[in-house]
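Asker: So that we are looking at the same thing, I have put the structure below in C-alpha cells.
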Amino acid sequence: MKVSSKISRRKFIKISTISGTFLALGYVSIFGKEPKIVNLDLEDENAESELSPFIFIDNKGTITLLNHRPEMGQGTFEAIPMIIAEELEVNMNSIHIMPSPADRKKYGNQMVVGSQSIRSNYDLMRKVGAAAKEMLVAAAAGKWNIPANECEAKNAIVINRNTGARLSYGDLVADARKLTPPENPTLKDPKNFTIIGKSFPRKDIPLNVNGRTKFGIDIEVPGMLYASIERSPVILGKLVSYNEDKAKAVKGVKYVLKTQREVFGNIRSSVAVIADNYWAALQGRKMLEVQWDNGNLETWSTQKIKEDAQNASRQEAKVFHENGNFEKAFNDAPVKVEASYETPYQTHAPMEPMNAIVSMEKNKCEFWGSTQNPNGIKDFLSRKYNIPEENVTINYTFMGGAFGRRSMTDVAEEAADLSKQTGTPVKVIWTREDDITQGPFRTCSLNVCRGTVDKDGSLVSLEHKVICQDIRNQNGDNNTPTNGIAGGINTEYAFDNCRISGVLQKLYIPVSYWRSVYHSTNCFAHESFMDELAFAAKKDPLDFRLSLLKNHKRYTQVLQKVAEKSGWYQPREKDTGKGIAIVERSGAFVAMVVEIKRIQGKIKPTKIIAVVDCGTPVNPDIIKAQTEGCIVMGLTATYKSGLTIAEGKVVEQNFDTYKMLRIQENPEVEVYVIDSSDPPEGVGEAGLPTVAPALTNAIFELTKRRIRTLPFNLAEV
C-alpha cells in the first residue's frame, strides 16, 4: 500500500531551527508487527506505513529529540528523551526536546494513562538511540577507512581510538544519513549508563516557573469565539426550555445554541452561550433560565447509593480469583473477622479546568488543547464528521493536571459541534463548578471483607468482595463486572483459601479513570483488613505481611527497606502511631509507612516514608516527585474531600466545599527508590493507593479506633 509521509519534515526543521543537512531517524510502526527502525532520509514511498521520527541532527551539530507522549506533570517530556540520549551518547544539557506530532501510524499509542509511557517504550527508545549512534560511528569509520569497532562515540563526538582524531555528529550527518539503520543495534551494558538512573533536571520546569509554558487554556487562534455551556446539574437530566433572548441581550454574545456530548453511551444535551470573550459567554449563560426534566433521578442521594450497594452485596458475585475452599474454611474457623469499607465518589479537579478549541471546515478540522489522548481525539473527529484522518490536525499542549480526566474526548466533541454550527473556531472552557459537578468521577465503592485466623494465629482464609460501578460496563443489560474492578487487591499473599469477587452496581452517574483507578479504593479496604487480621492473629502488621510474602522478592524488599527507614521496630515515642500498607500498581511495588502524632489532643500525620521498586529507575527525581504528588492526592482523598449526592446532583461546587490539602498541612515525606536492573515500570499512580490504609492503620495503632469510611474528619479522631 502506497502511503506518503504527512509529517512535513521540512516544516519541522524550520520550526525547530534545524538547518542544512540532517539525519532524521525513527521507526516504522506497522500494526501487528515489531516496530522497525528506519532512516527518514531514505524514506520509501512504497513503505507499508508512514514513518515516525524521534531524532533530528543537523550539520551544525544541533540535536533535537522528540517526546511522543503528552506531558501532564508526570515527567515523560524529560524521561523519554533521556532513554534515547543514553544510547545516542549525547549530553542532556546540549539537546533540544520537542513534543512530536499526534500520529498513531508514526508513533504507535500516544495516550498517557495507566503509567504506561516508560514501561512500554523503554526498549524501543534505547534501540532508536543506539541505531543512530551506530550509523554515525559507521560514517566516521568510513571517513577514516577503519573498522567501526576502532571508533567510539561520546558526547556527540566519534573518536578514532588509534589516533585520537575526532568528528562531531554534525560533521558526520551528511554521510550517516545515507546509511540504512541496523535492525538490531548493540545496546549498552546498564553498568555503563551515564544518563539513565541519574536525576537530571527537567527541562519543562523552568518554563512552568517563569510562565512560558503554554497550556490548553492559554491558546488562542484567529477568529476564535468562546463558549460556556449550561448542563443539567442532575446528570442525564433532559433539556426542556431556556431563555435565549435574555442570554443574547448580554453584550458580546453571538449565539445561543443547543449542543451535546456523549459520556459512556449516554447523550447529554446542553445549552451553549457563545461570545467574543469568555466573560460575556459566562454572563450570558447565567441568564438562560434553563428548565430540566430530571425524571426520578432527583430521588437519588448518597444514602440511597449506599443502600443500593448494600443490597447489591447480597447478590451473586463474579469470582475473579479463587484458591482453596473459602466457605468451608470460614465456616470451620475458630476466629472470624468481618469488616466493610466505604469510599466516596471523587472528582479529578486538575488545576487547569477542562478546555478545547476546535475549528471545523468543509473537509478538515483542527484541535488545540491539553489532552492525554491526542489520537483518540483525532479518531473521534475523523469518524464523527467523516473527515479523512490525515485532514484532522491535533495540536496538543502541556496539561495543567489530568489524572485520567483528559483521556476522554467529550470536551472536544462540544467544541467541534459548536464550531460546525457557527462556522468559526470555538473555545469551550469549563468552570470549576462544571469540573467538580459534571464528572465523570472516580466511582464510590463498598468493599466487604471476611477472613479467618486459627487459634495459633496462622491465617486460613480471606474473601474480598467489591461492589461498585464498572468503567467498562456502564450501560446496557450486561450485569457482569469486568475484572478491572478488582484492581489493587493483592493476590500475592499466601492465603490457604482465598476468593476475590465483585458485584456490578449500575447507576446514572458516569465514572472514569482516576489516578490509580480501582487501586485507590480497593487497596484501602484490602490493606486495612490485613491489619485487622494481623491484630486478630496477635502479630506485628509488618511481620504479618512478610510472613505471607516470604517467597515474593520484590514485596519483601520494599517491606524490609521501609521498616529500616521508618524505624518500624524501634519503640514508639509517646502519642505516636505508625501504619503500614503495600501495593503493586502498573508493575511498581510500593511499601509505605505513615507516622502520626497526637498534638494538643489532635491527630496529625507528621511523616510519610515510601519505598518504591519500579525496576530500572530512569530518573529517580521524577519517581520521587510522582510519589510525593500521589501522597498529596491520597491524603486529600482520605480526609479532605469526597463528593456527596443530594436530590440527584453533586452537592460540592468548588474548592470551598471540595477541600484540597494545603501546603502547610502536608507532612514530611521521604521517598526511597530501589536501585534495580529489572525493566522499568510505571510510577505515576503507584504511590497513591497505600496512603489511606497506612494512615488509618496508624490511627488504629495509636487510638485502637478503626476507620472504615472515607473521607473522615481528622479533627474528630
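We name chains A, B, ... following the order of the C-alpha cells; residues begin at 1 in each chain, and ligands are numbered from 1 as shown.
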Using only C-alpha atoms, determine which residues lie at most 6 Å from stretch 127-132 of chain A, disregarding the query and same-chain residues fewer than 2 positions distant; provide the list as a list in words.
Answerer: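 My list of contacting residues is Ile84, Glu87, Leu88, Leu124, Met125, Glu134, Met135, Pro181, Pro182 and Pro185 of chain A.
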Asker: Could you pull the residues within 10 Å of A:Asn93, counting only C-alpha atoms, minus those fewer than 5 positions along the same chain, as a list of chain:residue names?
Answerer: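 Residues near the query, excluding close chain neighbours: A:Phe200, A:Pro201, A:Lys203.
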Asker: Keeping only N, CA and C atoms, write the selected residues as a PDB file, in the first residue's frame.
Answerer:
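Below you can see part.pdb, which holds the result:
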ATOM      1  N   PHE A 200      18.442  14.010  36.411  1.00  0.00           N
ATOM      2  CA  PHE A 200      18.660  15.216  35.614  1.00  0.00           C
ATOM      3  C   PHE A 200      17.507  16.191  35.804  1.00  0.00           C
ATOM      4  N   PRO A 201      17.798  17.481  35.880  1.00  0.00           N
ATOM      5  CA  PRO A 201      16.734  18.484  35.994  1.00  0.00           C
ATOM      6  C   PRO A 201      15.810  18.426  34.782  1.00  0.00           C
ATOM      7  N   LYS A 203      13.610  19.754  31.846  1.00  0.00           N
ATOM      8  CA  LYS A 203      13.689  20.955  31.011  1.00  0.00           C
ATOM      9  C   LYS A 203      12.374  21.733  30.970  1.00  0.00           C
TER      10      LYS A 203
END
Asker: Within 12 Å of stretch 114-119 of chain A, which residues of stretch 603-698 of chain A show up? Give each one with its shortest atom-to-atom distance in Å (one decimal) and the two atoms involved, counting only C-alpha atoms, rows by chain then rising residue number, as JSON lines.
Answerer:
{"residue": "A:Cys614", "atom": "CA", "partner": "A:Arg119", "partner_atom": "CA", "distance": 9.5}
{"residue": "A:Gly615", "atom": "CA", "partner": "A:Arg119", "partner_atom": "CA", "distance": 9.4}
{"residue": "A:Thr616", "atom": "CA", "partner": "A:Arg119", "partner_atom": "CA", "distance": 9.7}
{"residue": "A:Pro617", "atom": "CA", "partner": "A:Ile118", "partner_atom": "CA", "distance": 10.0}
{"residue": "A:Val618", "atom": "CA", "partner": "A:Ile118", "partner_atom": "CA", "distance": 8.5}
{"residue": "A:Asn619", "atom": "CA", "partner": "A:Ile118", "partner_atom": "CA", "distance": 10.8}
{"residue": "A:Ile622", "atom": "CA", "partner": "A:Ile118", "partner_atom": "CA", "distance": 11.9}
{"residue": "A:Ile623", "atom": "CA", "partner": "A:Ile118", "partner_atom": "CA", "distance": 11.6}
{"residue": "A:Gln626", "atom": "CA", "partner": "A:Ser115", "partner_atom": "CA", "distance": 10.8}
{"residue": "A:Asp678", "atom": "CA", "partner": "A:Arg119", "partner_atom": "CA", "distance": 10.8}
{"residue": "A:Pro679", "atom": "CA", "partner": "A:Arg119", "partner_atom": "CA", "distance": 7.3}
{"residue": "A:Pro680", "atom": "CA", "partner": "A:Arg119", "partner_atom": "CA", "distance": 5.4}
{"residue": "A:Glu681", "atom": "CA", "partner": "A:Arg119", "partner_atom": "CA", "distance": 4.8}
{"residue": "A:Gly682", "atom": "CA", "partner": "A:Ser115", "partner_atom": "CA", "distance": 4.5}
{"residue": "A:Val683", "atom": "CA", "partner": "A:Ser115", "partner_atom": "CA", "distance": 6.2}
{"residue": "A:Gly684", "atom": "CA", "partner": "A:Ser115", "partner_atom": "CA", "distance": 5.4}
{"residue": "A:Glu685", "atom": "CA", "partner": "A:Ser115", "partner_atom": "CA", "distance": 6.7}
{"residue": "A:Ala686", "atom": "CA", "partner": "A:Ser115", "partner_atom": "CA", "distance": 8.6}
{"residue": "A:Gly687", "atom": "CA", "partner": "A:Ser115", "partner_atom": "CA", "distance": 11.6}
Asker: Near A:Pro353, counting only C-alpha atoms, which residues have an atom at most 9 Å away, once you skip same-chain residues fewer than 2 positions from it, shown as an MDAnalysis selection string?
Answerer: chainID A and resid 217 349:351 355 400:401 429:432 434:435
Asker: May I have the selected residues written with N, CA and C atoms, as a tab-separated table (two decimals), in the first residue's frame?
Answerer:
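Contents of out.tsv, freshly written:
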chain	number	residue	atom	x	y	z
A	217	ILE	N	-5.51	25.99	28.02
A	217	ILE	CA	-6.34	27.14	28.36
A	217	ILE	C	-5.69	28.46	27.92
A	349	ALA	N	-10.49	17.23	39.45
A	349	ALA	CA	-10.07	18.56	39.90
A	349	ALA	C	-8.66	18.96	39.46
A	350	PRO	N	-8.29	18.82	38.17
A	350	PRO	CA	-7.00	19.34	37.74
A	350	PRO	C	-6.98	20.86	37.87
A	351	MET	N	-5.83	21.42	38.14
A	351	MET	CA	-5.76	22.88	38.33
A	351	MET	C	-6.15	23.62	37.04
A	355	ASN	N	-10.84	22.18	28.79
A	355	ASN	CA	-10.98	23.15	27.71
A	355	ASN	C	-10.61	22.51	26.39
A	400	GLY	N	-2.19	21.06	32.59
A	400	GLY	CA	-2.14	21.51	33.98
A	400	GLY	C	-2.88	20.55	34.88
A	401	GLY	N	-2.39	19.30	34.90
A	401	GLY	CA	-3.06	18.23	35.63
A	401	GLY	C	-4.02	17.50	34.71
A	429	ILE	N	-14.59	26.40	27.52
A	429	ILE	CA	-13.91	26.38	28.82
A	429	ILE	C	-14.92	25.99	29.88
A	430	TRP	N	-14.59	24.96	30.64
A	430	TRP	CA	-15.42	24.56	31.77
A	430	TRP	C	-15.07	25.42	32.98
A	431	THR	N	-16.09	25.79	33.74
A	431	THR	CA	-15.83	26.46	35.01
A	431	THR	C	-15.38	25.41	36.03
A	432	ARG	N	-14.88	25.88	37.18
A	432	ARG	CA	-14.53	24.94	38.24
A	432	ARG	C	-15.76	24.18	38.72
A	434	ASP	N	-18.34	23.37	36.85
A	434	ASP	CA	-18.58	22.33	35.85
A	434	ASP	C	-17.69	21.13	36.11
A	435	ASP	N	-16.43	21.41	36.36
A	435	ASP	CA	-15.43	20.36	36.54
A	435	ASP	C	-15.75	19.46	37.73
Asker: So that I can check the surroundings of A:Val460, please list as a count of residues only every protein, DNA and RNA residue that reaches within 6 Å of it, counting only C-alpha atoms and ignoring chain neighbours fewer than 2 positions away.
Answerer: 3
Asker: Just checking: using only C-alpha atoms, which residue out of A:Ile80, A:Leu136, A:Ala165, A:Ala309 ends up closest to A:Gln469?
Answerer: A:Ala309
Asker: At a cut-off of 6 Å, using only C-alpha atoms, what residues contact A:Phe56? Leave out same-chain residues fewer than 3 positions from it and give the result as a list in words.
Answerer: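 My list of contacting residues is Leu23, Ala24, Ile63 and Thr64 of chain A.
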Asker: Write a file of the selected residues as a compact mmCIF listing (two decimals), in the first residue's frame, keeping C-alpha atoms.
Answerer:
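The resulting result-v6.txt:
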# COMPACT_ATOMS: atom_id res chain seq x y z
CA LEU A 23 19.67 12.90 9.90
CA ALA A 24 16.14 12.05 10.91
CA ILE A 63 20.40 17.63 18.23
CA THR A 64 16.65 17.56 18.77
Asker: Contacts of A:Ile596 at 9 Å or less, counting only C-alpha atoms, minus same-chain residues fewer than 4 places along, as a PDB file with N, CA and C atoms, in the first residue's frame?
Answerer:
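Final output, part.pdb:
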ATOM      1  N   ASP A 575       2.501   9.146  72.324  1.00  0.00           N
ATOM      2  CA  ASP A 575       1.462   9.722  71.463  1.00  0.00           C
ATOM      3  C   ASP A 575       1.817   9.618  69.980  1.00  0.00           C
ATOM      4  N   THR A 576       2.485   8.541  69.610  1.00  0.00           N
ATOM      5  CA  THR A 576       2.880   8.329  68.216  1.00  0.00           C
ATOM      6  C   THR A 576       2.369   6.968  67.745  1.00  0.00           C
ATOM      7  N   GLY A 577       1.891   6.927  66.523  1.00  0.00           N
ATOM      8  CA  GLY A 577       1.469   5.672  65.910  1.00  0.00           C
ATOM      9  C   GLY A 577       2.022   5.556  64.508  1.00  0.00           C
ATOM     10  N   LYS A 578       2.208   4.324  64.048  1.00  0.00           N
ATOM     11  CA  LYS A 578       2.688   4.086  62.686  1.00  0.00           C
ATOM     12  C   LYS A 578       1.811   3.028  62.026  1.00  0.00           C
ATOM     13  N   GLY A 579       1.573   3.223  60.742  1.00  0.00           N
ATOM     14  CA  GLY A 579       0.785   2.264  59.970  1.00  0.00           C
ATOM     15  C   GLY A 579       1.505   1.892  58.696  1.00  0.00           C
ATOM     16  N   ILE A 603      -4.980  14.514  66.242  1.00  0.00           N
ATOM     17  CA  ILE A 603      -4.154  13.607  65.447  1.00  0.00           C
ATOM     18  C   ILE A 603      -3.644  14.339  64.212  1.00  0.00           C
ATOM     19  N   LYS A 604      -2.369  14.170  63.942  1.00  0.00           N
ATOM     20  CA  LYS A 604      -1.774  14.825  62.784  1.00  0.00           C
ATOM     21  C   LYS A 604      -0.762  13.888  62.112  1.00  0.00           C
ATOM     22  N   PRO A 605      -0.870  13.670  60.787  1.00  0.00           N
ATOM     23  CA  PRO A 605       0.184  12.934  60.078  1.00  0.00           C
ATOM     24  C   PRO A 605       1.456  13.783  60.064  1.00  0.00           C
ATOM     25  N   THR A 606       2.539  13.234  60.557  1.00  0.00           N
ATOM     26  CA  THR A 606       3.768  14.020  60.671  1.00  0.00           C
ATOM     27  C   THR A 606       4.863  13.578  59.699  1.00  0.00           C
ATOM     28  N   LYS A 607       4.833  12.320  59.298  1.00  0.00           N
ATOM     29  CA  LYS A 607       5.884  11.842  58.406  1.00  0.00           C
ATOM     30  C   LYS A 607       5.381  10.650  57.598  1.00  0.00           C
ATOM     31  N   ILE A 608       5.736  10.638  56.327  1.00  0.00           N
ATOM     32  CA  ILE A 608       5.385   9.512  55.455  1.00  0.00           C
ATOM     33  C   ILE A 608       6.660   9.030  54.775  1.00  0.00           C
ATOM     34  N   LEU A 695      -2.392   5.354  56.745  1.00  0.00           N
ATOM     35  CA  LEU A 695      -2.804   6.364  57.715  1.00  0.00           C
ATOM     36  C   LEU A 695      -3.824   5.802  58.700  1.00  0.00           C
ATOM     37  N   ALA A 698      -2.284   3.478  61.107  1.00  0.00           N
ATOM     38  CA  ALA A 698      -1.539   4.209  62.137  1.00  0.00           C
ATOM     39  C   ALA A 698      -2.495   4.739  63.206  1.00  0.00           C
ATOM     40  N   ILE A 699      -3.649   5.221  62.767  1.00  0.00           N
ATOM     41  CA  ILE A 699      -4.638   5.720  63.730  1.00  0.00           C
ATOM     42  C   ILE A 699      -5.099   4.598  64.653  1.00  0.00           C
ATOM     43  N   LEU A 702      -2.507   3.876  67.354  1.00  0.00           N
ATOM     44  CA  LEU A 702      -2.444   4.874  68.418  1.00  0.00           C
ATOM     45  C   LEU A 702      -3.722   4.925  69.251  1.00  0.00           C
TER      46      LEU A 702
END
Asker: Could you give me, as JSON lines, a per-residue list for stretch 321-438 of chain A showing, wherever an atom lies at most 7 Å from an atom of stretch 510-517 of chain A, the closest pair of atoms and their distance in Å to one decimal, using only C-alpha atoms and sorting by chain then residue number from low to high?
Answerer:
{"residue": "A:His348", "atom": "CA", "partner": "A:Trp514", "partner_atom": "CA", "distance": 6.6}
{"residue": "A:Phe403", "atom": "CA", "partner": "A:Arg515", "partner_atom": "CA", "distance": 5.0}
{"residue": "A:Gly404", "atom": "CA", "partner": "A:Tyr513", "partner_atom": "CA", "distance": 5.0}
{"residue": "A:Arg405", "atom": "CA", "partner": "A:Tyr513", "partner_atom": "CA", "distance": 6.8}
Asker: Go ahead and dump the residues you just picked, N, CA and C atoms, as a CSV table (one decimal), in the first residue's frame.
Answerer:
chain,number,residue,atom,x,y,z
A,348,HIS,N,-11.8,14.7,39.5
A,348,HIS,CA,-10.4,14.8,39.2
A,348,HIS,C,-9.8,16.1,39.6
A,403,PHE,N,-4.9,13.4,35.5
A,403,PHE,CA,-5.3,12.3,36.4
A,403,PHE,C,-6.3,11.3,35.8
A,404,GLY,N,-6.4,11.3,34.5
A,404,GLY,CA,-7.3,10.4,33.8
A,404,GLY,C,-8.5,11.1,33.1
A,405,ARG,N,-8.8,12.3,33.6
A,405,ARG,CA,-10.0,13.0,33.1
A,405,ARG,C,-9.7,13.4,31.6
Asker: Using only C-alpha atoms, which protein or nucleic acid residues come within 8 Å of A:Gly252? Drop anything in the same chain fewer than 3 positions from it, and give the result as a short mmCIF file (atom, residue, chain, number, x, y, z; two decimals) with C-alpha atoms, in the first residue's frame.
Answerer:
data_model
loop_
_atom_site.label_atom_id
_atom_site.label_comp_id
_atom_site.auth_asym_id
_atom_site.auth_seq_id
_atom_site.Cartn_x
_atom_site.Cartn_y
_atom_site.Cartn_z
CA ALA A 275 -19.43 35.16 22.66
CA ASP A 276 -16.42 37.11 21.52
CA ASN A 277 -14.97 36.93 25.03
CA ALA A 280 -19.63 37.62 28.09
CA ALA A 281 -20.25 33.93 27.44
#
Asker: Can you pull out every residue from stretch 55-303 of chain A that DSSP, working from the backbone, puts in alpha helix (DSSP H), and format the result as a ChimeraX atom specification?
Answerer: /A:76-88,104-107,122-144,169-176,205-210,244-248,278-286,302-303
Asker: Just C-alpha atoms for this one: save the residues we selected as a PDB file, in the first residue's frame.
Answerer:
ATOM      1  CA  THR A  76       7.843  11.900  30.183  1.00  0.00           C
ATOM      2  CA  PHE A  77       8.928  15.105  28.441  1.00  0.00           C
ATOM      3  CA  GLU A  78      12.328  14.560  30.042  1.00  0.00           C
ATOM      4  CA  ALA A  79      12.397  10.801  30.629  1.00  0.00           C
ATOM      5  CA  ILE A  80      11.747   9.500  27.109  1.00  0.00           C
ATOM      6  CA  PRO A  81      14.489  11.666  25.557  1.00  0.00           C
ATOM      7  CA  MET A  82      16.795  10.542  28.386  1.00  0.00           C
ATOM      8  CA  ILE A  83      16.441   6.940  27.217  1.00  0.00           C
ATOM      9  CA  ILE A  84      17.268   7.902  23.623  1.00  0.00           C
ATOM     10  CA  ALA A  85      20.145  10.144  24.691  1.00  0.00           C
ATOM     11  CA  GLU A  86      21.726   7.374  26.776  1.00  0.00           C
ATOM     12  CA  GLU A  87      22.239   5.152  23.749  1.00  0.00           C
ATOM     13  CA  LEU A  88      22.910   8.022  21.360  1.00  0.00           C
ATOM     14  CA  ARG A 104      -0.683   6.744  15.692  1.00  0.00           C
ATOM     15  CA  LYS A 105       0.801   5.361  12.466  1.00  0.00           C
ATOM     16  CA  LYS A 106       4.111   7.035  13.197  1.00  0.00           C
ATOM     17  CA  TYR A 107       4.301   6.824  16.972  1.00  0.00           C
ATOM     18  CA  TYR A 122      11.958   1.673  27.133  1.00  0.00           C
ATOM     19  CA  ASP A 123      13.445  -0.990  24.853  1.00  0.00           C
ATOM     20  CA  LEU A 124      12.326   0.710  21.652  1.00  0.00           C
ATOM     21  CA  MET A 125      13.703   4.117  22.614  1.00  0.00           C
ATOM     22  CA  ARG A 126      17.028   2.531  23.503  1.00  0.00           C
ATOM     23  CA  LYS A 127      17.167   0.875  20.092  1.00  0.00           C
ATOM     24  CA  VAL A 128      16.337   4.128  18.301  1.00  0.00           C
ATOM     25  CA  GLY A 129      19.216   5.891  20.076  1.00  0.00           C
ATOM     26  CA  ALA A 130      21.642   3.007  19.583  1.00  0.00           C
ATOM     27  CA  ALA A 131      20.844   2.691  15.877  1.00  0.00           C
ATOM     28  CA  ALA A 132      21.549   6.371  15.252  1.00  0.00           C
ATOM     29  CA  LYS A 133      24.837   6.125  17.134  1.00  0.00           C
ATOM     30  CA  GLU A 134      25.934   3.118  15.079  1.00  0.00           C
ATOM     31  CA  MET A 135      25.134   4.978  11.859  1.00  0.00           C
ATOM     32  CA  LEU A 136      27.229   7.950  12.947  1.00  0.00           C
ATOM     33  CA  VAL A 137      30.081   5.685  14.027  1.00  0.00           C
ATOM     34  CA  ALA A 138      29.907   3.866  10.685  1.00  0.00           C
ATOM     35  CA  ALA A 139      30.101   7.197   8.866  1.00  0.00           C
ATOM     36  CA  ALA A 140      33.206   8.171  10.857  1.00  0.00           C
ATOM     37  CA  ALA A 141      34.826   4.779  10.250  1.00  0.00           C
ATOM     38  CA  GLY A 142      34.244   5.277   6.538  1.00  0.00           C
ATOM     39  CA  LYS A 143      35.964   8.641   6.601  1.00  0.00           C
ATOM     40  CA  TRP A 144      38.964   7.197   8.413  1.00  0.00           C
ATOM     41  CA  TYR A 169      27.916  14.305  14.875  1.00  0.00           C
ATOM     42  CA  GLY A 170      27.376  17.433  12.795  1.00  0.00           C
ATOM     43  CA  ASP A 171      30.485  16.579  10.725  1.00  0.00           C
ATOM     44  CA  LEU A 172      29.154  13.075  10.105  1.00  0.00           C
ATOM     45  CA  VAL A 173      25.467  13.648   9.480  1.00  0.00           C
ATOM     46  CA  ALA A 174      25.805  14.061   5.681  1.00  0.00           C
ATOM     47  CA  ASP A 175      27.327  10.571   5.365  1.00  0.00           C
ATOM     48  CA  ALA A 176      25.286   8.947   8.121  1.00  0.00           C
ATOM     49  CA  ILE A 205      10.207  23.028  34.931  1.00  0.00           C
ATOM     50  CA  PRO A 206      11.820  26.433  34.185  1.00  0.00           C
ATOM     51  CA  LEU A 207       9.095  27.049  31.587  1.00  0.00           C
ATOM     52  CA  ASN A 208       6.431  26.306  34.182  1.00  0.00           C
ATOM     53  CA  VAL A 209       8.074  28.518  36.786  1.00  0.00           C
ATOM     54  CA  ASN A 210       8.546  31.563  34.557  1.00  0.00           C
ATOM     55  CA  GLU A 244     -32.418  32.596  24.509  1.00  0.00           C
ATOM     56  CA  ASP A 245     -33.378  36.276  24.327  1.00  0.00           C
ATOM     57  CA  LYS A 246     -32.079  37.134  27.797  1.00  0.00           C
ATOM     58  CA  ALA A 247     -28.766  35.454  27.111  1.00  0.00           C
ATOM     59  CA  LYS A 248     -28.390  37.201  23.746  1.00  0.00           C
ATOM     60  CA  TYR A 278     -15.247  34.416  27.845  1.00  0.00           C
ATOM     61  CA  TRP A 279     -16.719  36.850  30.381  1.00  0.00           C
ATOM     62  CA  ALA A 280     -19.629  37.624  28.088  1.00  0.00           C
ATOM     63  CA  ALA A 281     -20.247  33.931  27.441  1.00  0.00           C
ATOM     64  CA  LEU A 282     -20.296  33.246  31.180  1.00  0.00           C
ATOM     65  CA  GLN A 283     -22.654  36.168  31.935  1.00  0.00           C
ATOM     66  CA  GLY A 284     -24.972  35.152  29.123  1.00  0.00           C
ATOM     67  CA  ARG A 285     -25.069  31.617  30.492  1.00  0.00           C
ATOM     68  CA  LYS A 286     -26.298  32.950  33.825  1.00  0.00           C
ATOM     69  CA  THR A 302     -25.518   9.377  48.813  1.00  0.00           C
ATOM     70  CA  GLN A 303     -27.534   7.409  51.368  1.00  0.00           C
TER      71      GLN A 303
END
Asker: What parts of stretch 240-405 of chain A does DSSP call strand (DSSP E or B)? I'd like the answer as a PyMOL selection string.
Answerer: chain A and resi 240-241+253-263+266-275+291-293+318-323+335-343+345-346+355-360+365-369+392-396+398
Asker: Under the rule of at most 10 Å, produce a per-residue listing of stretch 259-359 of chain A near stretch 391-396 of chain A: chain, number, name, the closest pair of atoms, and the distance in Å, as a Markdown table, using only C-alpha atoms.
Answerer:
| residue | atom | partner | partner_atom | distance |
| --- | --- | --- | --- | --- |
| A:Ala356 | CA | A:Tyr396 | CA | 9.9 |
| A:Ile357 | CA | A:Asn395 | CA | 9.7 |
| A:Val358 | CA | A:Ile394 | CA | 9.4 |
| A:Ser359 | CA | A:Thr393 | CA | 9.8 |
Asker: Nearest to A:Gln346: which of A:Gly75, A:Gly488, A:Gly61, A:Gly642 is it, counting only C-alpha atoms?
Answerer: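 With only C-alpha atoms as the atom set, the closest residue is A:Gly642.
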Asker: Could you give me, as a Markdown table, a per-residue list for stretch 287-337 of chain A showing, wherever an atom lies at most 9 Å from an atom of stretch 644-664 of chain A, the closest pair of atoms and their distance in Å to one decimal, using only C-alpha atoms and sorting by chain then residue number from low to high?
Answerer:
| residue | atom | partner | partner_atom | distance |
| --- | --- | --- | --- | --- |
| A:Asn294 | CA | A:Gly648 | CA | 8.4 |
| A:Asn296 | CA | A:Gly648 | CA | 8.6 |
| A:Leu297 | CA | A:Gly648 | CA | 5.3 |
| A:Glu298 | CA | A:Gly648 | CA | 4.1 |
| A:Thr299 | CA | A:Glu647 | CA | 5.5 |
| A:Trp300 | CA | A:Gly648 | CA | 4.7 |
| A:Ser301 | CA | A:Ala646 | CA | 4.5 |
| A:Thr302 | CA | A:Ile645 | CA | 4.8 |
| A:Gln303 | CA | A:Ile645 | CA | 8.3 |
| A:Ile305 | CA | A:Ile645 | CA | 8.6 |
